[in-house]
file data.cif (mmCIF, C-alpha atoms)
data_run
#
loop_
_atom_site.group_PDB
_atom_site.id
_atom_site.type_symbol
_atom_site.label_atom_id
_atom_site.label_comp_id
_atom_site.auth_asym_id
_atom_site.auth_seq_id
_atom_site.Cartn_x
_atom_site.Cartn_y
_atom_site.Cartn_z
ATOM 1 C CA MET A 767 -24.312 31.279 24.272
ATOM 2 C CA TYR A 768 -25.313 27.624 24.193
ATOM 3 C CA ARG A 769 -23.726 24.625 25.864
ATOM 4 C CA ALA A 770 -23.668 21.598 23.523
ATOM 5 C CA LYS A 771 -23.498 18.067 24.912
ATOM 6 C CA VAL A 772 -22.707 15.470 22.274
ATOM 7 C CA LEU A 773 -23.012 11.729 22.715
ATOM 8 C CA ILE A 774 -21.241 9.551 20.163
ATOM 9 C CA LYS A 775 -22.113 5.872 20.021
ATOM 10 C CA ARG A 776 -20.739 3.040 18.019
ATOM 11 C CA ARG A 777 -23.374 1.748 15.594
ATOM 12 C CA PRO A 778 -25.259 -1.238 17.053
ATOM 13 C CA SER A 779 -24.096 -3.477 14.183
ATOM 14 C CA ILE A 780 -20.436 -2.862 15.042
ATOM 15 C CA LEU A 781 -18.765 -5.014 17.645
ATOM 16 C CA ASP A 782 -17.351 -3.105 20.621
ATOM 17 C CA PRO A 783 -14.414 -5.130 21.951
ATOM 18 C CA GLN A 784 -13.676 -2.486 24.588
ATOM 19 C CA GLY A 785 -17.204 -2.757 25.977
ATOM 20 C CA LYS A 786 -16.882 -6.539 26.047
ATOM 21 C CA ALA A 787 -13.583 -6.359 27.903
ATOM 22 C CA VAL A 788 -14.999 -3.924 30.473
ATOM 23 C CA GLU A 789 -17.974 -6.223 30.991
ATOM 24 C CA ILE A 790 -15.626 -9.036 31.966
ATOM 25 C CA GLY A 791 -14.602 -6.700 34.797
ATOM 26 C CA ALA A 792 -18.260 -6.380 35.815
ATOM 27 C CA GLN A 793 -18.589 -10.152 35.932
ATOM 28 C CA ASN A 794 -15.437 -10.384 38.033
ATOM 29 C CA LEU A 795 -16.973 -7.857 40.418
ATOM 30 C CA GLY A 796 -19.967 -10.144 40.779
ATOM 31 C CA LEU A 797 -22.307 -7.731 38.954
ATOM 32 C CA THR A 798 -24.116 -10.500 37.129
ATOM 33 C CA ASN A 799 -27.009 -8.409 35.816
ATOM 34 C CA ILE A 800 -24.811 -6.150 33.686
ATOM 35 C CA LYS A 801 -25.283 -6.858 29.963
ATOM 36 C CA ASN A 802 -24.460 -5.259 26.600
ATOM 37 C CA THR A 803 -21.835 -2.746 27.774
ATOM 38 C CA ARG A 804 -21.035 -0.328 24.935
ATOM 39 C CA ILE A 805 -18.463 2.424 25.196
ATOM 40 C CA GLY A 806 -18.910 5.721 23.410
ATOM 41 C CA LYS A 807 -17.731 9.308 23.735
ATOM 42 C CA TYR A 808 -19.137 12.335 25.477
ATOM 43 C CA ILE A 809 -18.041 15.757 24.250
ATOM 44 C CA GLU A 810 -19.176 19.175 25.486
ATOM 45 C CA PHE A 811 -18.437 22.650 24.272
ATOM 46 C CA ASP A 812 -19.946 26.110 23.997
ATOM 47 C CA VAL A 813 -21.477 27.646 20.897
ATOM 48 C CA ASP A 814 -21.108 31.401 20.904
ATOM 49 C CA THR A 815 -24.332 32.585 19.306
ATOM 50 C CA LYS A 816 -27.779 33.728 20.444
ATOM 51 C CA ASP A 817 -29.483 32.039 17.506
ATOM 52 C CA LYS A 818 -30.468 28.457 18.409
ATOM 53 C CA ALA A 819 -31.050 27.404 14.787
ATOM 54 C CA GLU A 820 -27.574 28.605 13.869
ATOM 55 C CA ALA A 821 -26.104 26.780 16.873
ATOM 56 C CA GLU A 822 -27.852 23.548 15.860
ATOM 57 C CA LYS A 823 -26.587 23.849 12.326
ATOM 58 C CA GLU A 824 -23.024 24.440 13.442
ATOM 59 C CA VAL A 825 -23.039 21.562 15.948
ATOM 60 C CA SER A 826 -24.476 19.188 13.321
ATOM 61 C CA ASN A 827 -21.755 20.261 10.951
ATOM 62 C CA TYR A 828 -19.070 19.701 13.605
ATOM 63 C CA CYS A 829 -20.465 16.228 14.338
ATOM 64 C CA ASP A 830 -20.885 15.207 10.683
ATOM 65 C CA LYS A 831 -17.494 16.403 9.535
ATOM 66 C CA LEU A 832 -15.229 15.797 12.487
ATOM 67 C CA LEU A 833 -16.578 14.523 15.820
ATOM 68 C CA ALA A 834 -18.291 11.381 14.508
ATOM 69 C CA ASN A 835 -17.461 9.023 11.674
ATOM 70 C CA PRO A 836 -20.807 8.124 10.064
ATOM 71 C CA ILE A 837 -19.399 4.804 8.845
ATOM 72 C CA MET A 838 -19.153 3.464 12.361
ATOM 73 C CA GLU A 839 -20.783 5.947 14.721
ATOM 74 C CA ASP A 840 -24.119 7.650 15.429
ATOM 75 C CA TYR A 841 -24.442 10.846 17.423
ATOM 76 C CA GLU A 842 -27.043 12.841 19.296
ATOM 77 C CA PHE A 843 -26.750 16.198 21.022
ATOM 78 C CA THR A 844 -28.573 18.644 23.240
ATOM 79 C CA LEU A 845 -28.240 22.426 23.385
ATOM 80 C CA SER A 846 -29.044 24.448 26.469
ATOM 81 C CA LYS A 847 -28.828 28.187 27.128
ATOM 82 C CA TRP A 848 -25.733 28.893 29.070
ATOM 83 C CA THR A 849 -24.058 31.819 30.703
ATOM 84 C CA PRO A 850 -20.500 30.989 31.666
ATOM 85 C CA SER A 851 -19.423 32.204 35.080
ATOM 86 C CA GLU A 852 -16.556 34.700 35.205
ATOM 87 C CA ASP A 853 -13.814 32.190 35.944
ATOM 88 C CA GLU A 854 -14.898 30.049 32.971
ATOM 89 C CA VAL A 855 -14.463 32.919 30.510
ATOM 90 C CA LYS A 856 -10.866 33.062 29.405
ATOM 91 C CA MET B 998 14.424 6.772 -17.196
ATOM 92 C CA ARG B 999 13.669 9.872 -15.144
ATOM 93 C CA LYS B 1000 13.966 9.316 -11.411
ATOM 94 C CA PRO B 1001 10.628 9.700 -9.681
ATOM 95 C CA LYS B 1002 10.172 12.089 -6.835
ATOM 96 C CA PHE B 1003 8.481 10.943 -3.638
ATOM 97 C CA GLY B 1004 6.958 13.262 -1.034
ATOM 98 C CA VAL B 1005 6.638 12.109 2.560
ATOM 99 C CA VAL B 1006 4.103 14.117 4.555
ATOM 100 C CA VAL B 1007 5.082 14.967 8.116
ATOM 101 C CA PHE B 1008 2.172 15.406 10.542
ATOM 102 C CA PRO B 1009 2.664 16.194 14.207
ATOM 103 C CA GLY B 1010 2.936 12.681 15.633
ATOM 104 C CA SER B 1011 4.129 10.913 12.466
ATOM 105 C CA ASN B 1012 6.838 8.455 13.449
ATOM 106 C CA CYS B 1013 7.490 6.444 10.286
ATOM 107 C CA ASP B 1014 8.260 9.508 8.166
ATOM 108 C CA HIS B 1015 12.014 9.067 8.557
ATOM 109 C CA ASP B 1016 11.766 5.318 7.939
ATOM 110 C CA ALA B 1017 9.967 6.071 4.679
ATOM 111 C CA PHE B 1018 12.582 8.694 3.747
ATOM 112 C CA TYR B 1019 15.413 6.285 4.567
ATOM 113 C CA ALA B 1020 13.923 3.368 2.632
ATOM 114 C CA LEU B 1021 13.040 5.403 -0.442
ATOM 115 C CA HIS B 1022 16.104 7.643 -0.566
ATOM 116 C CA LYS B 1023 19.029 5.846 1.079
ATOM 117 C CA VAL B 1024 18.082 2.284 0.132
ATOM 118 C CA LEU B 1025 16.094 2.575 -3.111
ATOM 119 C CA GLU B 1026 17.833 5.798 -4.220
ATOM 120 C CA TYR B 1027 14.771 7.802 -5.238
ATOM 121 C CA GLU B 1028 14.497 11.526 -4.750
ATOM 122 C CA VAL B 1029 12.455 12.254 -1.611
ATOM 123 C CA ASN B 1030 11.096 15.451 -0.077
ATOM 124 C CA PHE B 1031 9.498 15.885 3.299
ATOM 125 C CA LEU B 1032 6.208 17.780 3.066
ATOM 126 C CA TRP B 1033 5.170 19.700 6.195
ATOM 127 C CA HIS B 1034 1.508 19.351 7.193
ATOM 128 C CA LYS B 1035 1.037 23.138 7.370
ATOM 129 C CA ASP B 1036 2.269 23.638 3.813
ATOM 130 C CA THR B 1037 0.161 23.228 0.722
ATOM 131 C CA ASP B 1038 2.918 22.787 -1.886
ATOM 132 C CA LEU B 1039 3.504 19.172 -2.983
ATOM 133 C CA LYS B 1040 6.836 20.212 -4.566
ATOM 134 C CA GLU B 1041 6.031 18.470 -7.857
ATOM 135 C CA CYS B 1042 6.298 15.015 -6.321
ATOM 136 C CA ASP B 1043 5.126 12.044 -8.390
ATOM 137 C CA VAL B 1044 4.080 9.938 -5.415
ATOM 138 C CA ILE B 1045 2.857 11.135 -2.015
ATOM 139 C CA ILE B 1046 3.411 8.940 1.042
ATOM 140 C CA LEU B 1047 1.260 9.414 4.159
ATOM 141 C CA PRO B 1048 3.443 7.681 6.723
ATOM 142 C CA GLY B 1049 2.647 5.700 9.838
ATOM 143 C CA GLY B 1050 2.536 7.096 13.339
ATOM 144 C CA PHE B 1051 0.043 8.739 15.628
ATOM 145 C CA SER B 1052 -0.873 11.991 13.916
ATOM 146 C CA TYR B 1053 -2.404 14.423 16.417
ATOM 147 C CA GLY B 1054 -1.975 11.784 19.119
ATOM 148 C CA ASP B 1055 -4.760 9.658 17.547
ATOM 149 C CA TYR B 1056 -7.125 11.983 19.442
ATOM 150 C CA LEU B 1057 -10.835 11.619 18.660
ATOM 151 C CA ARG B 1058 -10.238 8.874 16.036
ATOM 152 C CA THR B 1059 -7.110 7.814 14.171
ATOM 153 C CA GLY B 1060 -6.501 10.169 11.257
ATOM 154 C CA ALA B 1061 -9.568 12.324 12.002
ATOM 155 C CA ILE B 1062 -7.706 15.560 12.694
ATOM 156 C CA ALA B 1063 -4.799 15.080 10.275
ATOM 157 C CA ARG B 1064 -7.353 14.838 7.504
ATOM 158 C CA PHE B 1065 -8.002 18.600 7.907
ATOM 159 C CA SER B 1066 -4.327 19.633 7.709
ATOM 160 C CA PRO B 1067 -3.607 22.209 4.978
ATOM 161 C CA ILE B 1068 -1.408 19.708 3.094
ATOM 162 C CA MET B 1069 -4.327 17.263 2.882
ATOM 163 C CA ASN B 1070 -6.346 19.637 0.692
ATOM 164 C CA SER B 1071 -3.487 19.497 -1.804
ATOM 165 C CA VAL B 1072 -3.174 15.708 -1.441
ATOM 166 C CA ILE B 1073 -6.916 15.275 -2.047
ATOM 167 C CA ASP B 1074 -6.734 17.483 -5.199
ATOM 168 C CA PHE B 1075 -3.644 15.597 -6.350
ATOM 169 C CA ALA B 1076 -5.333 12.200 -5.835
ATOM 170 C CA ASN B 1077 -8.538 13.308 -7.544
ATOM 171 C CA LYS B 1078 -6.477 14.307 -10.581
ATOM 172 C CA GLY B 1079 -4.944 10.816 -10.720
ATOM 173 C CA GLY B 1080 -1.806 11.429 -8.632
ATOM 174 C CA TYR B 1081 -0.374 8.440 -6.781
ATOM 175 C CA VAL B 1082 -0.792 8.322 -3.023
ATOM 176 C CA ILE B 1083 0.227 5.563 -0.608
ATOM 177 C CA GLY B 1084 -1.086 5.669 2.954
ATOM 178 C CA ILE B 1085 0.716 3.352 5.315
ATOM 179 C CA CYS B 1086 -0.828 2.425 8.673
ATOM 180 C CA ASN B 1087 -1.826 5.820 10.166
ATOM 181 C CA GLY B 1088 -1.603 7.094 6.568
ATOM 182 C CA PHE B 1089 -4.260 4.519 5.587
ATOM 183 C CA GLN B 1090 -6.427 5.745 8.467
ATOM 184 C CA ILE B 1091 -6.036 9.340 7.224
ATOM 185 C CA LEU B 1092 -7.006 8.334 3.656
ATOM 186 C CA LEU B 1093 -10.202 6.735 4.993
ATOM 187 C CA GLU B 1094 -11.071 9.802 7.076
ATOM 188 C CA ALA B 1095 -10.380 12.016 4.055
ATOM 189 C CA GLY B 1096 -12.783 9.940 1.968
ATOM 190 C CA LEU B 1097 -10.103 9.031 -0.579
ATOM 191 C CA LEU B 1098 -10.741 5.373 0.285
ATOM 192 C CA PRO B 1099 -13.972 3.753 1.502
ATOM 193 C CA GLY B 1100 -14.571 2.212 4.929
ATOM 194 C CA ALA B 1101 -13.047 2.703 8.365
ATOM 195 C CA LEU B 1102 -10.440 1.118 10.626
ATOM 196 C CA LEU B 1103 -11.677 -0.008 14.028
ATOM 197 C CA GLN B 1104 -9.740 -1.047 17.077
ATOM 198 C CA ASN B 1105 -8.108 -4.481 16.785
ATOM 199 C CA ILE B 1106 -10.563 -7.103 17.939
ATOM 200 C CA SER B 1107 -8.091 -8.292 20.598
ATOM 201 C CA LEU B 1108 -7.733 -4.684 21.893
ATOM 202 C CA LYS B 1109 -3.989 -5.209 21.730
ATOM 203 C CA PHE B 1110 -1.401 -3.237 19.819
ATOM 204 C CA ILE B 1111 0.045 -5.845 17.447
ATOM 205 C CA CYS B 1112 3.635 -5.619 16.272
ATOM 206 C CA LYS B 1113 4.819 -8.583 14.228
ATOM 207 C CA ASP B 1114 5.654 -9.854 10.753
ATOM 208 C CA VAL B 1115 2.698 -11.150 8.757
ATOM 209 C CA TYR B 1116 2.171 -12.843 5.403
ATOM 210 C CA LEU B 1117 0.033 -11.128 2.816
ATOM 211 C CA SER B 1118 -1.548 -12.674 -0.202
ATOM 212 C CA VAL B 1119 -1.321 -10.345 -3.211
ATOM 213 C CA GLU B 1120 -4.858 -10.407 -4.582
ATOM 214 C CA ASN B 1121 -4.615 -8.254 -7.675
ATOM 215 C CA TYR B 1122 -1.744 -7.705 -10.101
ATOM 216 C CA GLU B 1123 -3.670 -5.476 -12.493
ATOM 217 C CA ASN B 1124 -2.778 -2.223 -10.771
ATOM 218 C CA ASN B 1125 0.286 -0.054 -10.702
ATOM 219 C CA PHE B 1126 1.246 -0.937 -7.123
ATOM 220 C CA THR B 1127 1.706 -4.656 -7.798
ATOM 221 C CA LYS B 1128 1.870 -5.150 -11.564
ATOM 222 C CA GLY B 1129 5.072 -6.916 -12.456
ATOM 223 C CA ILE B 1130 5.761 -8.649 -9.137
ATOM 224 C CA LYS B 1131 3.866 -11.771 -10.148
ATOM 225 C CA ASP B 1132 6.674 -14.135 -9.210
ATOM 226 C CA LYS B 1133 5.951 -13.176 -5.620
ATOM 227 C CA THR B 1134 2.402 -14.075 -4.616
ATOM 228 C CA VAL B 1135 2.871 -13.744 -0.872
ATOM 229 C CA LEU B 1136 4.640 -10.822 0.789
ATOM 230 C CA ASN B 1137 6.191 -10.858 4.234
ATOM 231 C CA LEU B 1138 5.806 -7.439 5.890
ATOM 232 C CA PRO B 1139 5.601 -6.128 9.442
ATOM 233 C CA ILE B 1140 2.445 -4.710 10.993
ATOM 234 C CA ALA B 1141 2.422 -2.409 14.028
ATOM 235 C CA HIS B 1142 -0.976 -1.035 14.924
ATOM 236 C CA GLY B 1143 -3.786 -0.841 17.456
ATOM 237 C CA ASP B 1144 -6.526 0.130 14.985
ATOM 238 C CA GLY B 1145 -6.229 -2.076 11.912
ATOM 239 C CA ASN B 1146 -9.566 -3.823 11.926
ATOM 240 C CA TYR B 1147 -10.971 -2.856 8.515
ATOM 241 C CA PHE B 1148 -14.704 -2.285 8.361
ATOM 242 C CA ALA B 1149 -17.086 -1.318 5.579
ATOM 243 C CA ASP B 1150 -20.815 -1.812 5.067
ATOM 244 C CA GLU B 1151 -22.052 -4.660 2.858
ATOM 245 C CA ASN B 1152 -22.469 -2.606 -0.315
ATOM 246 C CA THR B 1153 -19.045 -1.005 0.012
ATOM 247 C CA LEU B 1154 -17.450 -4.394 0.591
ATOM 248 C CA LYS B 1155 -19.201 -5.809 -2.454
ATOM 249 C CA ASP B 1156 -17.974 -2.850 -4.534
ATOM 250 C CA LEU B 1157 -14.403 -3.408 -3.330
ATOM 251 C CA GLU B 1158 -14.578 -7.111 -4.212
ATOM 252 C CA ASP B 1159 -16.334 -6.563 -7.562
ATOM 253 C CA ASN B 1160 -13.863 -3.879 -8.678
ATOM 254 C CA ASN B 1161 -10.789 -5.822 -7.537
ATOM 255 C CA GLN B 1162 -9.832 -3.014 -5.169
ATOM 256 C CA ILE B 1163 -8.555 -5.380 -2.495
ATOM 257 C CA ILE B 1164 -4.824 -5.643 -3.057
ATOM 258 C CA LEU B 1165 -3.570 -7.411 0.078
ATOM 259 C CA ARG B 1166 -5.139 -9.896 2.481
ATOM 260 C CA TYR B 1167 -3.646 -11.421 5.609
ATOM 261 C CA SER B 1168 -2.720 -15.008 4.770
ATOM 262 C CA SER B 1169 -0.600 -18.026 5.603
ATOM 263 C CA LYS B 1170 2.961 -18.324 4.320
ATOM 264 C CA ASP B 1171 1.651 -20.087 1.223
ATOM 265 C CA GLY B 1172 -1.105 -17.573 0.566
ATOM 266 C CA LYS B 1173 -4.070 -19.294 2.193
ATOM 267 C CA VAL B 1174 -6.535 -16.628 3.355
ATOM 268 C CA SER B 1175 -8.541 -17.645 6.411
ATOM 269 C CA ASN B 1176 -9.600 -16.393 9.809
ATOM 270 C CA GLY B 1177 -6.666 -18.073 11.514
ATOM 271 C CA PHE B 1178 -4.260 -15.697 9.772
ATOM 272 C CA ASN B 1179 -6.274 -12.559 10.498
ATOM 273 C CA PRO B 1180 -4.367 -10.604 13.164
ATOM 274 C CA ASN B 1181 -6.891 -7.860 13.920
ATOM 275 C CA GLY B 1182 -10.416 -8.912 12.974
ATOM 276 C CA SER B 1183 -10.289 -7.120 9.621
ATOM 277 C CA LEU B 1184 -13.277 -7.790 7.358
ATOM 278 C CA ASN B 1185 -12.459 -10.484 4.748
ATOM 279 C CA ASN B 1186 -8.817 -10.383 5.945
ATOM 280 C CA ILE B 1187 -8.351 -7.019 4.217
ATOM 281 C CA ALA B 1188 -4.875 -5.518 4.722
ATOM 282 C CA GLY B 1189 -4.719 -3.105 1.788
ATOM 283 C CA ILE B 1190 -7.128 -1.553 -0.720
ATOM 284 C CA THR B 1191 -7.047 0.938 -3.579
ATOM 285 C CA ASN B 1192 -9.618 3.452 -4.734
ATOM 286 C CA LYS B 1193 -11.711 2.689 -7.801
ATOM 287 C CA SER B 1194 -9.353 4.395 -10.211
ATOM 288 C CA GLY B 1195 -6.353 2.591 -8.750
ATOM 289 C CA ASN B 1196 -4.114 5.548 -7.902
ATOM 290 C CA VAL B 1197 -4.599 5.620 -4.111
ATOM 291 C CA LEU B 1198 -3.375 2.708 -1.997
ATOM 292 C CA GLY B 1199 -3.983 2.300 1.734
ATOM 293 C CA MET B 1200 -2.343 -0.526 3.642
ATOM 294 C CA MET B 1201 -1.809 -1.427 7.279
ATOM 295 C CA PRO B 1202 1.531 -3.311 6.818
ATOM 296 C CA HIS B 1203 4.739 -1.273 6.614
ATOM 297 C CA PRO B 1204 6.572 -1.712 3.289
ATOM 298 C CA GLU B 1205 9.105 0.980 4.276
ATOM 299 C CA ARG B 1206 10.326 -1.196 7.145
ATOM 300 C CA SER B 1207 11.106 -3.996 4.750
ATOM 301 C CA CYS B 1208 13.396 -2.530 2.096
ATOM 302 C CA ASN B 1209 16.942 -2.802 3.364
ATOM 303 C CA PRO B 1210 18.766 -6.073 2.527
ATOM 304 C CA ILE B 1211 20.797 -5.651 5.750
ATOM 305 C CA LEU B 1212 17.581 -6.343 7.627
ATOM 306 C CA ALA B 1213 17.121 -9.559 5.598
ATOM 307 C CA LYS B 1214 13.610 -8.676 4.441
ATOM 308 C CA THR B 1215 12.974 -6.640 1.306
ATOM 309 C CA ASP B 1216 9.407 -7.382 0.208
ATOM 310 C CA GLY B 1217 8.365 -3.784 0.849
ATOM 311 C CA SER B 1218 10.655 -2.553 -1.902
ATOM 312 C CA LEU B 1219 8.683 -4.663 -4.419
ATOM 313 C CA ILE B 1220 5.687 -2.347 -4.017
ATOM 314 C CA PHE B 1221 7.674 0.902 -4.334
ATOM 315 C CA ASN B 1222 9.698 -0.404 -7.276
ATOM 316 C CA ALA B 1223 6.634 -1.814 -9.032
ATOM 317 C CA LEU B 1224 4.911 1.563 -8.780
ATOM 318 C CA VAL B 1225 7.958 3.402 -10.124
ATOM 319 C CA ASN B 1226 8.347 0.961 -13.025
ATOM 320 C CA ASN B 1227 4.665 1.052 -13.868
ATOM 321 C CA ILE B 1228 4.146 4.803 -13.810
ATOM 322 C CA LEU B 1229 7.411 6.006 -15.306
ATOM 323 C CA ASN B 1230 8.337 3.409 -17.902
#
call {"tool": "encode", "arguments": {"input": "data.cif", "output": "structure tokens"}}
result
Amino acid sequence: MYRAKVLIKRRPSILDPQGKAVEIGAQNLGLTNIKNTRIGKYIEFDVDTKDKAEAEKEVSNYCDKLLANPIMEDYEFTLSKWTPSEDEVK
Amino acid sequence: MRKPKFGVVVFPGSNCDHDAFYALHKVLEYEVNFLWHKDTDLKECDVIILPGGFSYGDYLRTGAIARFSPIMNSVIDFANKGGYVIGICNGFQILLEAGLLPGALLQNISLKFICKDVYLSVENYENNFTKGIKDKTVLNLPIAHGDGNYFADENTLKDLEDNNQIILRYSSKDGKVSNGFNPNGSLNNIAGITNKSGNVLGMMPHPERSCNPILAKTDGSLIFNALVNNILN
């Protein structure tokens, strides 16, 4: 089994009003060095196969077709070998 | 003239499905069927409506999960064969996710959910959704959305402009299109577009909420009636 960790980011060319709004909060906190706040998504899940190439293919497919919208988002992911502990297996 | 049959798709989280049914059936007196998202049968409808709402709770991205509903495979086939489809608000978002229309809808630039009446300049009368309503160059319709900020890359935008696919733009009462009348940051004030072949319309404003004369505003009925007249006459 592999654990996939996917990071989805808004494309740099696309304005992120949420990031801008959050950054106003940083300024109000007095954190004057904070710049260019961008908000994305973090998604993790397990891929139930022993074959890493197959896992990569399936995660790419999941990202391309559903998790990210290529018009406005880019994604990257990592896969690591993973053995769920007993209470995580349902 | 044969009465046309409309189909209103019901996704989990749709909340304008009954408004659409009411406007089309009770007010405009067309035959209307609800189409359940788990079904695949379009019940021989002439026009499919993807209604507004928050399908699948807007989780992940608006429209992203609804796009994979069983009914959407049938809607995509239907549209690719020239069938008429109107996506309103969340329905527009679903059409974009399904690839039936180009581009994407981002969060409103103000980050606020905007619910108000807007004016819309009708930009193209050479399509079946607006042909014949030429005496009315500006429509007054309500918007109610948090993600209505239309975005497309430069080439896509140029294609839309060159092919006259932009049907509605946010405007002043007298049809002036400028930034000041753009409620959500939408590129080039875009409020509604069609696909290249002109049989799929996506729009953020709600025509179904503007059909009943009791509510004083009826501009939405112009679009539904124009489509019926143009495809069945």
call {"tool": "interface_residues", "arguments": {"input": "data.cif", "of": "chain A", "to": "chain B", "cutoff": "7 Å", "atoms": "all atoms listed in the file", "output": "ChimeraX atom specification"}}
result
/A:783-784,832,837
call {"tool": "closest_residue", "arguments": {"input": "data.cif", "among": "B:Gln1162, B:Asn1196, B:Asn1077, B:Asn1152", "to": "B:Asn1227", "atoms": "all atoms listed in the file"}}
result
B:Asn1196
call {"tool": "residues_around", "arguments": {"input": "data.cif", "residues": "A:Cys829", "least_positions_apart": "5", "cutoff": "9 Å", "atoms": "only C-alpha atoms", "output": "PyMOL selection string"}}
result
chain A and resi 772+774+824+834-835+841-842
call {"tool": "atom_distance", "arguments": {"input": "data.cif", "atom1": "atom CA of B:Ser1066", "atom2": "atom CA of B:Gly1143"}}
result
22.7 Å
call {"tool": "closest_residue", "arguments": {"input": "data.cif", "among": "B:Glu1026, B:Phe1075, B:His1015, B:Gly1088", "to": "B:Asp1038", "atoms": "only C-alpha atoms"}}
result
B:Phe1075
call {"tool": "residues_around", "arguments": {"input": "data.cif", "residues": "stretch 803-818 of chain A", "least_positions_apart": "2", "cutoff": "6 Å", "atoms": "only C-alpha atoms", "output": "number ranges by chain"}}
result
A: 767-775, 785, 801, 820-821
call {"tool": "resolve_selection", "arguments": {"input": "data.cif", "expression": "the PyMOL selection byres ((chain B and resi 1181) around 12)", "output": "ChimeraX atom specification"}}
result
/A:783 /B:1102-1113,1115,1140-1148,1166-1167,1176-1180,1182-1188,1201-1202
call {"tool": "atom_distance", "arguments": {"input": "data.cif", "atom1": "atom CA of B:Asp1216", "atom2": "atom CA of B:Val1135"}}
result
9.2 Å
call {"tool": "residues_near_point", "arguments": {"input": "data.cif", "point": "(-23.0, -5.9, 29.5)", "cutoff": "10 Å", "atoms": "only C-alpha atoms", "output": "list of chain:residue names"}}
result
A:Gly785, A:Lys786, A:Ala787, A:Val788, A:Glu789, A:Ile790, A:Gly791, A:Ala792, A:Gln793, A:Leu797, A:Thr798, A:Asn799, A:Ile800, A:Lys801, A:Asn802, A:Thr803, A:Arg804
call {"tool": "closest_residue", "arguments": {"input": "data.cif", "among": "B:Leu1136, B:Leu1098, B:Val1082, B:Ile1130", "to": "B:Ser1118", "atoms": "all atoms listed in the file"}}
result
B:Leu1136
call {"tool": "resolve_selection", "arguments": {"input": "data.cif", "expression": "the PyMOL selection byres ((chain B and resi 1089) around 9)", "output": "number ranges by chain"}}
result
B: 1047-1049, 1060, 1083-1088, 1090-1094, 1098, 1102, 1189, 1198-1201
call {"tool": "atom_distance", "arguments": {"input": "data.cif", "atom1": "atom CA of B:Val1029", "atom2": "atom CA of B:Gly1010"}}
result
19.7 Å
call {"tool": "closest_residue", "arguments": {"input": "data.cif", "among": "B:Val1024, B:Ser1071, B:Tyr1081, B:Ser1168", "to": "B:Gly1217", "atoms": "all atoms listed in the file"}}
result
B:Val1024
call {"tool": "decode", "arguments": {"input": "data.cif", "residues": "stretch 829-842 of chain A", "atoms": "N, CA and C atoms", "output": "PDB file, in the first residue's frame"}}
result
ATOM      1  N   CYS A 829      -5.901  12.916 -10.124  1.00  0.00           N
ATOM      2  CA  CYS A 829      -5.630  14.355 -10.111  1.00  0.00           C
ATOM      3  C   CYS A 829      -6.113  15.013 -11.397  1.00  0.00           C
ATOM      4  N   ASP A 830      -5.777  14.414 -12.546  1.00  0.00           N
ATOM      5  CA  ASP A 830      -6.133  15.022 -13.837  1.00  0.00           C
ATOM      6  C   ASP A 830      -7.638  15.109 -14.027  1.00  0.00           C
ATOM      7  N   LYS A 831      -8.331  14.037 -13.615  1.00  0.00           N
ATOM      8  CA  LYS A 831      -9.755  13.969 -13.952  1.00  0.00           C
ATOM      9  C   LYS A 831     -10.665  14.547 -12.895  1.00  0.00           C
ATOM     10  N   LEU A 832     -10.213  14.559 -11.632  1.00  0.00           N
ATOM     11  CA  LEU A 832     -11.143  14.987 -10.598  1.00  0.00           C
ATOM     12  C   LEU A 832     -10.543  15.975  -9.588  1.00  0.00           C
ATOM     13  N   LEU A 833      -9.397  15.640  -8.999  1.00  0.00           N
ATOM     14  CA  LEU A 833      -8.917  16.450  -7.868  1.00  0.00           C
ATOM     15  C   LEU A 833      -8.495  17.854  -8.269  1.00  0.00           C
ATOM     16  N   ALA A 834      -7.905  18.009  -9.458  1.00  0.00           N
ATOM     17  CA  ALA A 834      -7.467  19.339  -9.888  1.00  0.00           C
ATOM     18  C   ALA A 834      -8.163  19.714 -11.186  1.00  0.00           C
ATOM     19  N   ASN A 835      -8.363  21.001 -11.371  1.00  0.00           N
ATOM     20  CA  ASN A 835      -8.901  21.491 -12.644  1.00  0.00           C
ATOM     21  C   ASN A 835      -7.745  22.156 -13.384  1.00  0.00           C
ATOM     22  N   PRO A 836      -7.264  21.520 -14.474  1.00  0.00           N
ATOM     23  CA  PRO A 836      -6.054  22.011 -15.137  1.00  0.00           C
ATOM     24  C   PRO A 836      -6.188  23.442 -15.667  1.00  0.00           C
ATOM     25  N   ILE A 837      -7.401  23.925 -15.804  1.00  0.00           N
ATOM     26  CA  ILE A 837      -7.582  25.303 -16.289  1.00  0.00           C
ATOM     27  C   ILE A 837      -7.071  26.304 -15.261  1.00  0.00           C
ATOM     28  N   MET A 838      -7.225  25.969 -13.993  1.00  0.00           N
ATOM     29  CA  MET A 838      -6.843  26.959 -12.984  1.00  0.00           C
ATOM     30  C   MET A 838      -5.873  26.427 -11.920  1.00  0.00           C
ATOM     31  N   GLU A 839      -5.593  25.134 -11.954  1.00  0.00           N
ATOM     32  CA  GLU A 839      -4.765  24.584 -10.876  1.00  0.00           C
ATOM     33  C   GLU A 839      -3.628  23.710 -11.402  1.00  0.00           C
ATOM     34  N   ASP A 840      -2.528  23.674 -10.648  1.00  0.00           N
ATOM     35  CA  ASP A 840      -1.440  22.722 -10.872  1.00  0.00           C
ATOM     36  C   ASP A 840      -1.401  21.787  -9.669  1.00  0.00           C
ATOM     37  N   TYR A 841      -0.852  20.596  -9.861  1.00  0.00           N
ATOM     38  CA  TYR A 841      -0.750  19.698  -8.711  1.00  0.00           C
ATOM     39  C   TYR A 841       0.615  19.014  -8.678  1.00  0.00           C
ATOM     40  N   GLU A 842       0.991  18.561  -7.505  1.00  0.00           N
ATOM     41  CA  GLU A 842       2.157  17.698  -7.369  1.00  0.00           C
ATOM     42  C   GLU A 842       1.814  16.674  -6.296  1.00  0.00           C
TER      43      GLU A 842
END
